[in-house]
file final-v3.cif (mmCIF, C-alpha atoms and all ligand atoms)
data_protein
loop_
_atom_site.label_atom_id
_atom_site.label_comp_id
_atom_site.auth_asym_id
_atom_site.auth_seq_id
_atom_site.Cartn_x
_atom_site.Cartn_y
_atom_site.Cartn_z
CA MET O 51 0.00 0.00 0.00
CA THR O 52 1.60 3.33 -1.04
CA GLU O 53 1.84 6.16 1.50
CA GLU O 54 -0.86 8.04 -0.47
CA GLN O 55 -3.48 5.27 -0.21
CA LEU O 56 -5.72 6.02 2.79
CA ALA O 57 -7.77 3.19 4.31
CA ARG O 58 -10.16 5.27 6.41
CA GLY O 59 -11.97 3.14 8.96
CA LEU O 60 -9.35 0.51 8.09
CA LYS O 61 -11.88 -0.62 5.45
CA GLY O 62 -10.58 -3.79 3.80
CA VAL O 63 -7.29 -3.76 5.77
CA VAL O 64 -6.21 -7.20 7.07
CA ILE O 65 -4.31 -6.63 10.34
CA ASP O 66 -3.45 -10.23 11.38
CA LYS O 67 -4.30 -13.92 11.07
CA THR O 68 -6.89 -15.61 13.29
CA GLU O 69 -8.34 -19.06 13.86
CA SER O 70 -11.22 -17.96 16.06
CA SER O 71 -13.91 -16.84 13.59
CA LYS O 72 -14.35 -16.23 9.88
CA ILE O 73 -17.00 -14.10 8.18
CA ASP O 74 -17.86 -14.50 4.50
CA GLY O 75 -19.64 -11.21 3.76
CA LYS O 76 -20.72 -12.23 0.26
CA LEU O 77 -22.17 -15.64 1.17
CA GLY O 78 -23.43 -14.52 4.58
CA LYS O 79 -21.48 -17.18 6.47
CA LEU O 80 -19.96 -17.16 9.96
CA ILE O 81 -17.83 -19.95 11.46
CA TYR O 82 -16.17 -20.32 14.88
CA HIS O 83 -12.98 -22.42 14.60
CA GLY O 84 -14.42 -24.21 11.54
CA TYR O 85 -17.94 -24.82 12.85
CA ASP O 86 -20.85 -23.09 11.08
CA ILE O 87 -22.90 -20.68 13.21
CA HIS O 88 -26.11 -22.44 12.11
CA ASP O 89 -24.90 -25.78 13.55
CA LEU O 90 -23.73 -24.09 16.74
CA ALA O 91 -26.99 -22.11 17.09
CA GLU O 92 -29.07 -25.27 16.76
CA LYS O 93 -26.87 -27.75 18.66
CA SER O 94 -24.40 -25.96 20.96
CA THR O 95 -24.45 -23.90 24.15
CA PHE O 96 -22.69 -20.75 25.37
CA GLU O 97 -20.37 -22.77 27.63
CA GLU O 98 -19.45 -25.13 24.78
CA VAL O 99 -18.73 -22.16 22.48
CA CYS O 100 -16.51 -20.60 25.19
CA TYR O 101 -14.48 -23.81 25.26
CA LEU O 102 -14.35 -23.97 21.44
CA LEU O 103 -13.12 -20.38 21.15
CA TRP O 104 -10.53 -20.62 23.94
CA HIS O 105 -9.17 -24.09 23.12
CA GLY O 106 -9.81 -24.38 19.36
CA LYS O 107 -11.82 -27.61 19.57
CA LEU O 108 -15.20 -28.85 20.79
CA PRO O 109 -14.88 -30.16 24.38
CA THR O 110 -15.33 -33.72 25.56
CA GLN O 111 -18.12 -34.15 28.11
CA LYS O 112 -15.54 -34.00 30.95
CA GLU O 113 -13.90 -30.87 29.53
CA LEU O 114 -17.30 -29.20 29.19
CA ASP O 115 -18.34 -30.23 32.70
CA ASP O 116 -15.05 -28.89 34.10
CA LEU O 117 -15.45 -25.53 32.31
CA SER O 118 -19.12 -25.21 33.33
CA ARG O 119 -18.18 -25.91 36.94
CA SER O 120 -15.31 -23.39 36.85
CA LEU O 121 -17.59 -20.71 35.43
CA ALA O 122 -20.22 -21.45 38.10
CA GLU O 123 -17.60 -21.37 40.88
CA ASN O 124 -16.31 -17.96 39.76
CA ARG O 125 -19.53 -15.97 39.45
CA ALA O 126 -19.46 -14.28 42.87
CA LEU O 127 -18.10 -10.71 43.09
CA PRO O 128 -15.76 -9.34 45.77
CA PRO O 129 -17.97 -7.33 48.20
CA GLN O 130 -16.09 -4.15 47.31
CA ILE O 131 -17.36 -4.48 43.70
CA LEU O 132 -20.96 -4.51 44.92
CA GLN O 133 -20.17 -1.35 46.93
CA ILE O 134 -18.75 0.31 43.80
CA ILE O 135 -21.81 -0.74 41.79
CA ASP O 136 -23.97 0.89 44.47
CA LEU O 137 -21.93 4.09 44.21
CA VAL O 138 -22.46 4.24 40.42
CA LYS O 139 -26.01 2.78 40.39
CA ALA O 140 -27.44 5.82 38.55
CA THR O 141 -25.11 5.38 35.57
CA HIS O 142 -25.79 3.61 32.23
CA PRO O 143 -25.44 -0.19 32.64
CA MET O 144 -22.56 -0.23 30.13
CA ASP O 145 -20.68 2.32 32.22
CA ALA O 146 -21.39 0.26 35.34
CA LEU O 147 -20.02 -2.83 33.55
CA ARG O 148 -16.91 -0.96 32.38
CA THR O 149 -16.36 0.45 35.90
CA GLY O 150 -16.92 -2.97 37.48
CA VAL O 151 -14.34 -4.65 35.25
CA SER O 152 -11.84 -1.90 35.96
CA ALA O 153 -12.36 -2.41 39.69
CA LEU O 154 -12.12 -6.22 39.38
CA ALA O 155 -8.49 -5.75 38.31
CA THR O 156 -7.76 -4.56 41.86
CA PHE O 157 -9.01 -7.81 43.39
CA ASP O 158 -7.96 -10.41 40.82
CA PRO O 159 -4.87 -12.38 41.99
CA ASP O 160 -3.70 -12.80 38.37
CA THR O 161 -4.19 -9.26 37.02
CA GLU O 162 -0.50 -8.60 36.29
CA ASP O 163 0.22 -12.19 35.20
CA ASN O 164 -0.22 -12.48 31.42
CA SER O 165 0.93 -16.08 31.13
CA PRO O 166 -1.36 -18.45 29.16
CA ALA O 167 -2.40 -20.27 32.36
CA ALA O 168 -3.21 -17.02 34.21
CA ASN O 169 -5.04 -15.66 31.13
CA LEU O 170 -7.25 -18.75 31.01
CA ARG O 171 -8.05 -18.35 34.72
CA LYS O 172 -8.94 -14.70 34.08
CA ALA O 173 -11.00 -15.72 31.01
CA ILE O 174 -13.20 -17.86 33.25
CA ARG O 175 -13.46 -15.29 36.05
CA LEU O 176 -14.20 -12.34 33.76
CA THR O 177 -16.77 -14.25 31.67
CA ALA O 178 -18.53 -15.38 34.85
CA GLN O 179 -18.24 -12.11 36.82
CA THR O 180 -19.35 -9.72 34.05
CA ALA O 181 -22.78 -11.40 34.01
CA THR O 182 -22.99 -10.93 37.78
CA ILE O 183 -22.04 -7.24 37.48
CA VAL O 184 -24.81 -6.55 34.93
CA ALA O 185 -27.45 -8.38 36.98
CA ALA O 186 -26.33 -6.82 40.28
CA HIS O 187 -26.36 -3.28 38.85
CA GLU O 188 -29.88 -3.77 37.49
CA ARG O 189 -31.21 -4.83 40.89
CA ILE O 190 -29.24 -2.29 42.95
CA ARG O 191 -30.35 0.64 40.75
CA LYS O 192 -33.98 -0.47 41.37
CA GLY O 193 -33.35 -0.47 45.12
CA GLN O 194 -33.28 -4.26 45.35
CA LYS O 195 -30.58 -6.45 46.84
CA ALA O 196 -28.22 -8.22 44.44
CA VAL O 197 -29.07 -11.93 44.06
CA ALA O 198 -26.23 -14.36 44.81
CA PRO O 199 -25.41 -16.63 41.84
CA ASP O 200 -26.82 -20.17 41.81
CA PRO O 201 -24.06 -22.66 40.88
CA SER O 202 -26.65 -25.26 39.91
CA LEU O 203 -27.80 -23.18 36.91
CA ASN O 204 -25.98 -22.75 33.58
CA HIS O 205 -24.58 -19.35 32.59
CA ALA O 206 -27.72 -18.08 30.81
CA ALA O 207 -30.22 -19.38 33.36
CA ASN O 208 -28.14 -18.04 36.24
CA PHE O 209 -27.96 -14.61 34.61
CA LEU O 210 -31.76 -14.42 34.36
CA TYR O 211 -32.04 -15.75 37.94
CA MET O 212 -29.70 -13.04 39.29
CA LEU O 213 -31.51 -10.41 37.19
CA LYS O 214 -35.06 -11.28 38.24
CA GLY O 215 -34.67 -13.14 41.53
CA GLU O 216 -36.52 -16.18 40.23
CA LYS O 217 -35.39 -19.19 38.22
CA PRO O 218 -36.30 -18.84 34.52
CA ASP O 219 -38.27 -21.38 32.52
CA ALA O 220 -36.22 -23.54 30.14
CA GLU O 221 -37.37 -21.61 27.05
CA SER O 222 -36.27 -18.23 28.41
CA ALA O 223 -32.91 -19.64 29.52
CA ARG O 224 -32.39 -21.20 26.07
CA ALA O 225 -33.27 -17.90 24.37
CA ILE O 226 -30.51 -16.12 26.34
CA ASP O 227 -28.08 -19.02 25.81
CA LEU O 228 -28.69 -18.79 22.04
CA ASP O 229 -28.36 -15.00 22.00
CA LEU O 230 -25.05 -15.15 23.90
CA LEU O 231 -23.51 -17.77 21.62
CA LEU O 232 -24.66 -15.93 18.48
CA HIS O 233 -22.77 -12.86 19.73
CA ALA O 234 -19.70 -14.79 20.92
CA ASP O 235 -17.11 -13.76 18.30
CA HIS O 236 -17.09 -11.85 15.03
CA SER O 237 -13.61 -11.43 13.57
CA SER O 238 -12.15 -7.93 13.83
CA ASN O 239 -15.19 -5.89 14.86
CA ALA O 240 -14.44 -2.52 16.46
CA SER O 241 -14.53 -3.72 20.08
CA ALA O 242 -12.40 -6.82 19.39
CA PHE O 243 -9.93 -4.58 17.53
CA ALA O 244 -9.82 -2.27 20.56
CA ALA O 245 -9.01 -5.28 22.76
CA ARG O 246 -6.20 -6.26 20.37
CA VAL O 247 -4.78 -2.73 20.31
CA THR O 248 -4.69 -2.66 24.12
CA THR O 249 -3.12 -6.14 24.31
CA GLY O 250 -0.61 -5.11 21.64
CA THR O 251 0.99 -2.79 24.22
CA ASN O 252 1.32 -5.76 26.65
CA ALA O 253 -1.48 -4.37 28.83
CA ASP O 254 -3.37 -6.99 30.86
CA MET O 255 -6.68 -8.71 30.07
CA HIS O 256 -8.74 -6.50 32.40
CA ALA O 257 -7.44 -3.41 30.58
CA ALA O 258 -8.21 -4.94 27.17
CA ILE O 259 -11.75 -5.91 28.21
CA VAL O 260 -12.35 -2.38 29.52
CA SER O 261 -11.26 -1.04 26.11
CA ALA O 262 -13.63 -3.45 24.38
CA ILE O 263 -16.61 -2.58 26.61
CA ALA O 264 -16.04 1.15 26.11
CA THR O 265 -15.87 0.65 22.33
CA LEU O 266 -18.94 -1.58 22.08
CA LYS O 267 -21.19 1.11 23.61
CA GLY O 268 -21.41 3.21 20.42
CA PRO O 269 -24.67 3.01 18.37
CA ALA O 270 -22.67 2.21 15.23
CA HIS O 271 -21.61 -1.03 16.96
CA GLY O 272 -23.23 -2.54 20.01
CA GLY O 273 -25.77 0.20 20.63
CA ALA O 274 -27.93 -0.66 17.62
CA ALA O 275 -30.24 -3.17 19.37
CA GLN O 276 -31.38 -0.47 21.80
CA ALA O 277 -31.83 1.99 18.91
CA VAL O 278 -33.95 -0.58 17.02
CA MET O 279 -36.42 -0.77 19.90
CA THR O 280 -36.55 3.04 20.10
CA MET O 281 -37.39 3.00 16.38
CA THR O 282 -40.02 0.27 16.93
CA ALA O 283 -41.70 2.37 19.64
CA GLU O 284 -41.65 5.43 17.36
CA ILE O 285 -43.31 3.46 14.55
CA GLY O 286 -45.93 2.18 16.99
CA GLU O 287 -48.07 0.22 14.51
CA PRO O 288 -47.12 -2.22 11.69
CA GLU O 289 -49.08 -0.14 9.15
CA ARG O 290 -46.82 2.86 9.83
CA ALA O 291 -43.55 1.05 9.19
CA GLU O 292 -43.27 1.62 5.45
CA GLN O 293 -43.75 5.39 5.66
CA TRP O 294 -41.39 5.62 8.64
CA VAL O 295 -38.65 3.91 6.63
CA LYS O 296 -39.27 6.11 3.59
CA ASP O 297 -39.02 9.25 5.75
CA ALA O 298 -35.86 8.00 7.48
CA ILE O 299 -34.10 7.22 4.21
CA ALA O 300 -35.22 10.54 2.71
CA ALA O 301 -33.72 12.28 5.75
CA LYS O 302 -30.46 10.37 5.15
CA LYS O 303 -30.93 8.62 8.52
CA ARG O 304 -29.46 5.15 9.20
CA VAL O 305 -32.11 2.51 9.84
CA MET O 306 -30.72 0.75 12.91
CA GLY O 307 -30.15 -2.99 12.68
CA PHE O 308 -29.40 -2.77 8.97
CA GLY O 309 -26.16 -2.65 7.05
CA HIS O 310 -22.77 -4.04 7.93
CA ARG O 311 -19.15 -3.30 7.15
CA VAL O 312 -18.57 -6.91 6.06
CA TYR O 313 -21.91 -8.61 5.35
CA LYS O 314 -23.36 -7.52 2.01
CA THR O 315 -26.14 -10.08 2.38
CA GLU O 316 -28.18 -11.19 5.39
CA ASP O 317 -26.19 -11.55 8.62
CA PRO O 318 -26.47 -15.32 9.28
CA ARG O 319 -27.11 -14.70 12.98
CA ALA O 320 -30.28 -12.70 12.27
CA ARG O 321 -32.43 -15.64 11.19
CA HIS O 322 -32.06 -17.40 14.56
CA LEU O 323 -33.17 -14.31 16.46
CA ARG O 324 -35.97 -13.63 13.94
CA ASP O 325 -37.33 -17.14 14.52
CA ARG O 326 -36.96 -16.79 18.30
CA VAL O 327 -38.81 -13.44 18.36
CA ARG O 328 -41.62 -14.83 16.20
CA HIS O 329 -41.98 -17.91 18.41
CA MET O 330 -41.78 -16.09 21.76
CA GLY O 331 -44.13 -13.34 20.51
CA GLU O 332 -46.76 -15.95 19.63
CA LYS O 333 -46.19 -17.81 22.91
CA TYR O 334 -46.49 -14.71 25.10
CA GLY O 335 -49.22 -13.06 22.98
CA GLN O 336 -46.94 -10.11 22.19
CA VAL O 337 -46.74 -10.25 18.39
CA LYS O 338 -46.69 -6.51 17.66
CA TRP O 339 -42.90 -6.13 17.91
CA PHE O 340 -42.38 -8.93 15.39
CA GLN O 341 -45.07 -7.48 13.12
CA ILE O 342 -43.49 -4.02 13.13
CA LEU O 343 -39.97 -5.40 12.62
CA SER O 344 -41.16 -7.61 9.76
CA ARG O 345 -42.75 -4.63 8.02
CA VAL O 346 -39.56 -2.60 8.45
CA GLU O 347 -37.61 -5.46 6.92
CA GLU O 348 -40.02 -5.52 3.97
CA ALA O 349 -39.73 -1.75 3.52
CA MET O 350 -35.92 -2.01 3.50
CA ALA O 351 -35.93 -4.74 0.83
CA PRO O 352 -35.08 -2.29 -2.04
CA TYR O 353 -31.78 -1.48 -0.29
CA ARG O 354 -30.61 -5.07 -0.55
CA GLU O 355 -29.28 -4.28 -4.02
CA ARG O 356 -26.87 -1.90 -2.24
CA GLY O 357 -25.83 -4.65 0.15
CA ILE O 358 -27.89 -3.28 3.05
CA TYR O 359 -29.50 -6.22 4.85
CA VAL O 360 -30.66 -6.92 8.40
CA ASN O 361 -27.87 -7.55 10.91
CA VAL O 362 -27.66 -9.35 14.27
CA ASP O 363 -28.97 -6.35 16.19
CA PHE O 364 -32.28 -6.00 14.37
CA TYR O 365 -34.19 -8.73 16.22
CA ALA O 366 -31.98 -8.98 19.32
CA GLY O 367 -33.74 -6.10 21.07
CA ALA O 368 -37.20 -7.60 20.59
CA ALA O 369 -35.94 -10.91 22.01
CA TYR O 370 -34.62 -9.13 25.10
CA SER O 371 -37.85 -7.13 25.47
CA LEU O 372 -39.95 -10.30 25.28
CA LEU O 373 -37.80 -11.65 28.13
CA GLY O 374 -38.50 -8.54 30.21
CA ILE O 375 -34.96 -7.16 29.89
CA PRO O 376 -34.94 -3.33 29.97
CA GLU O 377 -33.67 -1.51 26.86
CA ASP O 378 -30.56 -0.01 28.43
CA LEU O 379 -29.40 -3.53 29.23
CA PHE O 380 -29.32 -4.55 25.55
CA ILE O 381 -25.73 -3.38 24.98
CA PRO O 382 -24.51 -5.14 28.15
CA MET O 383 -26.23 -8.31 26.85
CA PHE O 384 -24.14 -7.97 23.70
CA ALA O 385 -21.02 -7.53 25.85
CA LEU O 386 -21.80 -10.66 27.89
CA GLY O 387 -22.14 -12.66 24.68
CA ARG O 388 -18.96 -11.19 23.19
CA MET O 389 -16.78 -11.84 26.24
CA PRO O 390 -15.43 -15.21 24.95
CA GLY O 391 -14.67 -13.66 21.56
CA TRP O 392 -12.84 -10.67 22.98
CA ILE O 393 -10.89 -13.07 25.19
CA THR O 394 -9.98 -15.47 22.39
CA GLN O 395 -8.62 -12.57 20.36
CA ILE O 396 -6.68 -11.32 23.40
CA LEU O 397 -5.20 -14.83 23.76
CA GLU O 398 -4.30 -14.89 20.05
CA GLN O 399 -2.68 -11.45 20.31
CA TRP O 400 -0.58 -12.61 23.29
CA ALA O 401 0.44 -15.79 21.43
CA ASP O 402 2.34 -13.71 18.83
CA ASN O 403 2.12 -10.18 20.13
CA ILE O 404 2.86 -7.07 18.08
CA LEU O 405 2.21 -3.38 18.71
CA LEU O 406 -0.73 -2.15 16.58
CA ARG O 407 0.35 1.32 15.49
CA PRO O 408 -1.05 2.54 12.12
CA LEU O 409 -0.10 5.78 10.40
CA LEU O 410 -1.91 9.05 9.80
CA LYS O 411 -1.29 11.05 6.64
CA TYR O 412 -0.31 14.57 7.79
CA VAL O 413 -2.00 17.25 5.65
CA GLY O 414 -1.37 20.26 7.91
CA PRO O 415 1.14 23.16 7.40
CA VAL O 416 4.93 22.72 7.78
CA ASP O 417 7.99 24.93 8.62
CA LEU O 418 5.99 27.77 10.22
CA PRO O 419 8.14 30.40 12.07
CA TYR O 420 7.41 30.74 15.82
CA ILE O 421 5.78 34.17 16.46
CA PRO O 422 6.25 35.65 19.96
CA ILE O 423 2.87 36.14 21.68
CA SER O 424 3.42 39.93 21.82
CA GLU O 425 3.43 39.99 18.01
CA ARG O 426 0.38 37.74 17.45
CA LYS O 427 -2.76 39.38 16.06
C1 LIG O 501 -22.64 -4.68 14.76
O1 LIG O 501 -18.23 -5.21 12.74
C2 LIG O 501 -18.98 -6.11 13.24
O2 LIG O 501 -18.80 -7.31 13.06
C3 LIG O 501 -20.08 -5.59 14.10
C4 LIG O 501 -21.09 -6.62 14.60
C5 LIG O 501 -20.44 -7.59 15.56
O3 LIG O 501 -20.97 -8.72 15.69
O4 LIG O 501 -19.48 -7.19 16.23
O5 LIG O 501 -21.62 -7.33 13.51
C6 LIG O 501 -22.23 -5.94 15.37
O6 LIG O 501 -22.08 -3.68 15.08
C7 LIG O 501 -23.69 -4.69 13.69
C8 LIG O 501 -23.98 -3.28 13.13
C9 LIG O 501 -24.90 -2.57 14.14
N1 LIG O 501 -25.07 -1.14 13.71
C10 LIG O 501 -26.20 -0.75 13.10
O7 LIG O 501 -27.13 -1.49 12.78
C11 LIG O 501 -26.23 0.75 12.85
C12 LIG O 501 -26.75 1.03 11.45
N2 LIG O 501 -25.75 0.55 10.45
C13 LIG O 501 -24.89 1.52 9.85
O8 LIG O 501 -24.50 2.57 10.70
C14 LIG O 501 -23.79 0.89 9.00
O9 LIG O 501 -24.38 -0.08 8.23
C15 LIG O 501 -22.55 0.32 9.66
C16 LIG O 501 -21.86 1.32 10.53
C17 LIG O 501 -22.90 -0.89 10.44
C18 LIG O 501 -21.59 -0.11 8.53
O10 LIG O 501 -21.34 1.00 7.80
P1 LIG O 501 -20.16 1.07 6.73
O11 LIG O 501 -19.72 -0.30 6.33
O12 LIG O 501 -19.10 2.00 7.23
O13 LIG O 501 -20.88 1.64 5.45
P2 LIG O 501 -21.17 3.16 5.22
O14 LIG O 501 -21.50 3.84 6.53
O15 LIG O 501 -20.05 3.71 4.39
O16 LIG O 501 -22.53 3.11 4.35
C19 LIG O 501 -22.44 2.77 2.96
C20 LIG O 501 -23.74 3.29 2.35
C21 LIG O 501 -24.03 4.74 2.74
O17 LIG O 501 -24.78 5.33 1.70
P3 LIG O 501 -24.03 6.46 0.80
O18 LIG O 501 -23.51 7.51 1.78
O19 LIG O 501 -22.88 5.72 0.12
O20 LIG O 501 -25.10 6.94 -0.11
O21 LIG O 501 -24.85 2.51 2.86
C22 LIG O 501 -25.72 3.36 3.56
C23 LIG O 501 -24.93 4.62 3.93
O22 LIG O 501 -25.82 5.72 4.06
N3 LIG O 501 -26.13 2.67 4.77
C24 LIG O 501 -27.33 2.78 5.33
C25 LIG O 501 -27.28 1.96 6.47
N4 LIG O 501 -26.08 1.40 6.58
C26 LIG O 501 -25.36 1.85 5.52
N5 LIG O 501 -28.43 3.47 4.97
C27 LIG O 501 -29.51 3.35 5.78
N6 LIG O 501 -29.55 2.58 6.92
C28 LIG O 501 -28.46 1.88 7.27
N7 LIG O 501 -28.51 1.13 8.39
#

call {"tool": "encode", "arguments": {"input": "final-v3.cif", "output": "structure tokens", "more": "lines below"}}
Ligand code: SDX
result
Amino acid sequence: MTEEQLARGLKGVVIDKTESSKIDGKLGKLIYHGYDIHDLAEKSTFEEVCYLLWHGKLPTQKELDDLSRSLAENRALPPQILQIIDLVKATHPMDALRTGVSALATFDPDTEDNSPAANLRKAIRLTAQTATIVAAHERIRKGQKAVAPDPSLNHAANFLYMLKGEKPDAESARAIDLDLLLHADHSSNASAFAARVTTGTNADMHAAIVSAIATLKGPAHGGAAQAVMTMTAEIGEPERAEQWVKDAIAAKKRVMGFGHRVYKTEDPRARHLRDRVRHMGEKYGQVKWFQILSRVEEAMAPYRERGIYVNVDFYAGAAYSLLGIPEDLFIPMFALGRMPGWITQILEQWADNILLRPLLKYVGPVDLPYIPISERK
């Protein structure tokens, strides 16, 4: 690439090799370590995908049982973290999560140890504890006591239990388990890139996860699911969807949940959430969200010829809403799902680390004489 060629947004720039996930934007395919997302969505679990991403192979039953037990044993938070969450209870849940992970670095025995063994211990603790932080903040900000984790439940079921104070039904737990694994890794998205940049300086895993959480919050990345539900509320009725889309496009607005830097066809994750929202809407008698979203999707059909299709965030928000999860928790849900992916990319960066330091093309003035302040106009 010559010095003149700018790659703004790093569009199309390949920064490293990876074995964790591969996106085919033309065919609309996503694989984790060789396994297709459709197989994993239908047959796997969040815990199994964590193992696959961190170890590069599907676990044996014993390996899966050991990981599930380790995650369950590491869900509790140091009491000081709950105090900090109480101090920041009025803040956005993503800021509470970012603050909580920062504070966890103070109490983690392995924070400064970046060896593979210590990083795997931190992978388990951070994946387990971030779910507890999100659930605890939600309860504390509502004036309720945080619910202690239940080691007998899997990661998804335990999250809902800590969030609501009652054990979820199997269908709700599976819906969260599916959502988390669909979000688990996605090549070099902005937040994973941020985690790599931080790791590239030899900063520790807590620091890299804080970078990733801070980056995910933006509406152009993780914030879209919340923005989709705001749009859905604005539309209000299925019949109004088509005009709403026409007006948005005419006003050069971005329709949230559509478009993607890499996918130029349907995001393969979307179909699983679309089906889940349709099914849960019918089961709970709350079909309006699905009806409105479907009409928006129909109205956006003409933009497919420009490669603008529905992405993972379009139906995710409706799934969370049907499960009674408040809108400002949608981005944290994305973060909880993406934890294993951020971590696998941090592990890959450590395995053959290099400082990520791109260039900027300077276009400002040069060789200006320094004018004493007394002579400046
Ligand atoms: C995620 O990177 C990842 O992998 C991310 C993610 C992951 O798993 O980590 O997949 C998760 O972040 C999904 C994306 C969630 N964000 C949204 O849904 C927000 C809405 N989408 C857009 O902001 C946009 O599509 C981006 C930011 C996602 C991608 O934008 P690009 O690749 O930088 O493309 P662009 O902004 O240059 O747009 C190209 C054209 C433009 O038209 P022109 O100016 O050329 O006329 O497409 C148009 C855009 O206006 N366009 C849209 C649109 N997205 C792009 N027009 C209307 N609505 C949209 N949503």

call {"tool": "closest_residue", "arguments": {"input": "final-v3.cif", "among": "O:Met350, O:Leu90, O:Ala196, O:Val63", "to": "ligand LIG 501 (chain O)", "atoms": "all atoms listed in the file"}}
result
O:Met350

call {"tool": "residues_near_ligand", "arguments": {"input": "final-v3.cif", "ligand": "ligand LIG 501 (chain O)", "cutoff": "8 Å", "atoms": "all atoms listed in the file", "output": "ChimeraX atom specification"}}
result
/O:59,61,233,235-242,266,269-275,299,302-312,317,353,356-358,360-364

call {"tool": "write_last_selection", "arguments": {"input": "final-v3.cif", "atoms": "C-alpha atoms", "output": "PDB file, in the coordinates of the input"}}
result
ATOM      1  CA  GLY O  59     -11.970   3.140   8.960  1.00  0.00           C
ATOM      2  CA  LYS O  61     -11.880  -0.620   5.450  1.00  0.00           C
ATOM      3  CA  HIS O 233     -22.770 -12.860  19.730  1.00  0.00           C
ATOM      4  CA  ASP O 235     -17.110 -13.760  18.300  1.00  0.00           C
ATOM      5  CA  HIS O 236     -17.090 -11.850  15.030  1.00  0.00           C
ATOM      6  CA  SER O 237     -13.610 -11.430  13.570  1.00  0.00           C
ATOM      7  CA  SER O 238     -12.150  -7.930  13.830  1.00  0.00           C
ATOM      8  CA  ASN O 239     -15.190  -5.890  14.860  1.00  0.00           C
ATOM      9  CA  ALA O 240     -14.440  -2.520  16.460  1.00  0.00           C
ATOM     10  CA  SER O 241     -14.530  -3.720  20.080  1.00  0.00           C
ATOM     11  CA  ALA O 242     -12.400  -6.820  19.390  1.00  0.00           C
ATOM     12  CA  LEU O 266     -18.940  -1.580  22.080  1.00  0.00           C
ATOM     13  CA  PRO O 269     -24.670   3.010  18.370  1.00  0.00           C
ATOM     14  CA  ALA O 270     -22.670   2.210  15.230  1.00  0.00           C
ATOM     15  CA  HIS O 271     -21.610  -1.030  16.960  1.00  0.00           C
ATOM     16  CA  GLY O 272     -23.230  -2.540  20.010  1.00  0.00           C
ATOM     17  CA  GLY O 273     -25.770   0.200  20.630  1.00  0.00           C
ATOM     18  CA  ALA O 274     -27.930  -0.660  17.620  1.00  0.00           C
ATOM     19  CA  ALA O 275     -30.240  -3.170  19.370  1.00  0.00           C
ATOM     20  CA  ILE O 299     -34.100   7.220   4.210  1.00  0.00           C
ATOM     21  CA  LYS O 302     -30.460  10.370   5.150  1.00  0.00           C
ATOM     22  CA  LYS O 303     -30.930   8.620   8.520  1.00  0.00           C
ATOM     23  CA  ARG O 304     -29.460   5.150   9.200  1.00  0.00           C
ATOM     24  CA  VAL O 305     -32.110   2.510   9.840  1.00  0.00           C
ATOM     25  CA  MET O 306     -30.720   0.750  12.910  1.00  0.00           C
ATOM     26  CA  GLY O 307     -30.150  -2.990  12.680  1.00  0.00           C
ATOM     27  CA  PHE O 308     -29.400  -2.770   8.970  1.00  0.00           C
ATOM     28  CA  GLY O 309     -26.160  -2.650   7.050  1.00  0.00           C
ATOM     29  CA  HIS O 310     -22.770  -4.040   7.930  1.00  0.00           C
ATOM     30  CA  ARG O 311     -19.150  -3.300   7.150  1.00  0.00           C
ATOM     31  CA  VAL O 312     -18.570  -6.910   6.060  1.00  0.00           C
ATOM     32  CA  ASP O 317     -26.190 -11.550   8.620  1.00  0.00           C
ATOM     33  CA  TYR O 353     -31.780  -1.480  -0.290  1.00  0.00           C
ATOM     34  CA  ARG O 356     -26.870  -1.900  -2.240  1.00  0.00           C
ATOM     35  CA  GLY O 357     -25.830  -4.650   0.150  1.00  0.00           C
ATOM     36  CA  ILE O 358     -27.890  -3.280   3.050  1.00  0.00           C
ATOM     37  CA  VAL O 360     -30.660  -6.920   8.400  1.00  0.00           C
ATOM     38  CA  ASN O 361     -27.870  -7.550  10.910  1.00  0.00           C
ATOM     39  CA  VAL O 362     -27.660  -9.350  14.270  1.00  0.00           C
ATOM     40  CA  ASP O 363     -28.970  -6.350  16.190  1.00  0.00           C
ATOM     41  CA  PHE O 364     -32.280  -6.000  14.370  1.00  0.00           C
TER      42      PHE O 364
END

call {"tool": "axis_aligned_box", "arguments": {"input": "final-v3.cif", "around": "stretch 406-416 of chain O", "padding_each_side": "8 Å", "output": "lines of an AutoDock Vina configuration file"}}
result
center_x = 1.5
center_y = 10.5
center_z = 11.1
size_x = 22.9
size_y = 41.3
size_z = 26.9

call {"tool": "atom_distance", "arguments": {"input": "final-v3.cif", "atom1": "atom CA of O:Asp86", "atom2": "atom CA of O:Leu108"}}
result
12.6 Å

call {"tool": "residues_around", "arguments": {"input": "final-v3.cif", "residues": "O:Pro129", "least_positions_apart": "4", "cutoff": "12 Å", "atoms": "all atoms listed in the file", "output": "ChimeraX atom specification"}}
result
/O:133-136,150,153-154,157,183,186,196,198

call {"tool": "closest_residue", "arguments": {"input": "final-v3.cif", "among": "O:Ile396, O:Ile226, O:Leu127, O:Ala351", "to": "O:Val327", "atoms": "all atoms listed in the file"}}
result
O:Ile226

call {"tool": "residues_around", "arguments": {"input": "final-v3.cif", "residues": "O:Ser344", "least_positions_apart": "3", "cutoff": "10 Å", "atoms": "only C-alpha atoms", "output": "list in words"}}
result
Pro288, Ala291, Arg324, Arg328, Lys338, Trp339, Phe340, Gln341, Glu347, Glu348, Ala349, Met350 and Tyr365 of chain O

call {"tool": "closest_residue", "arguments": {"input": "final-v3.cif", "among": "O:Glu292, O:Ala257, O:Leu176, O:Ala225", "to": "O:Asp325", "atoms": "all atoms listed in the file"}}
result
O:Ala225
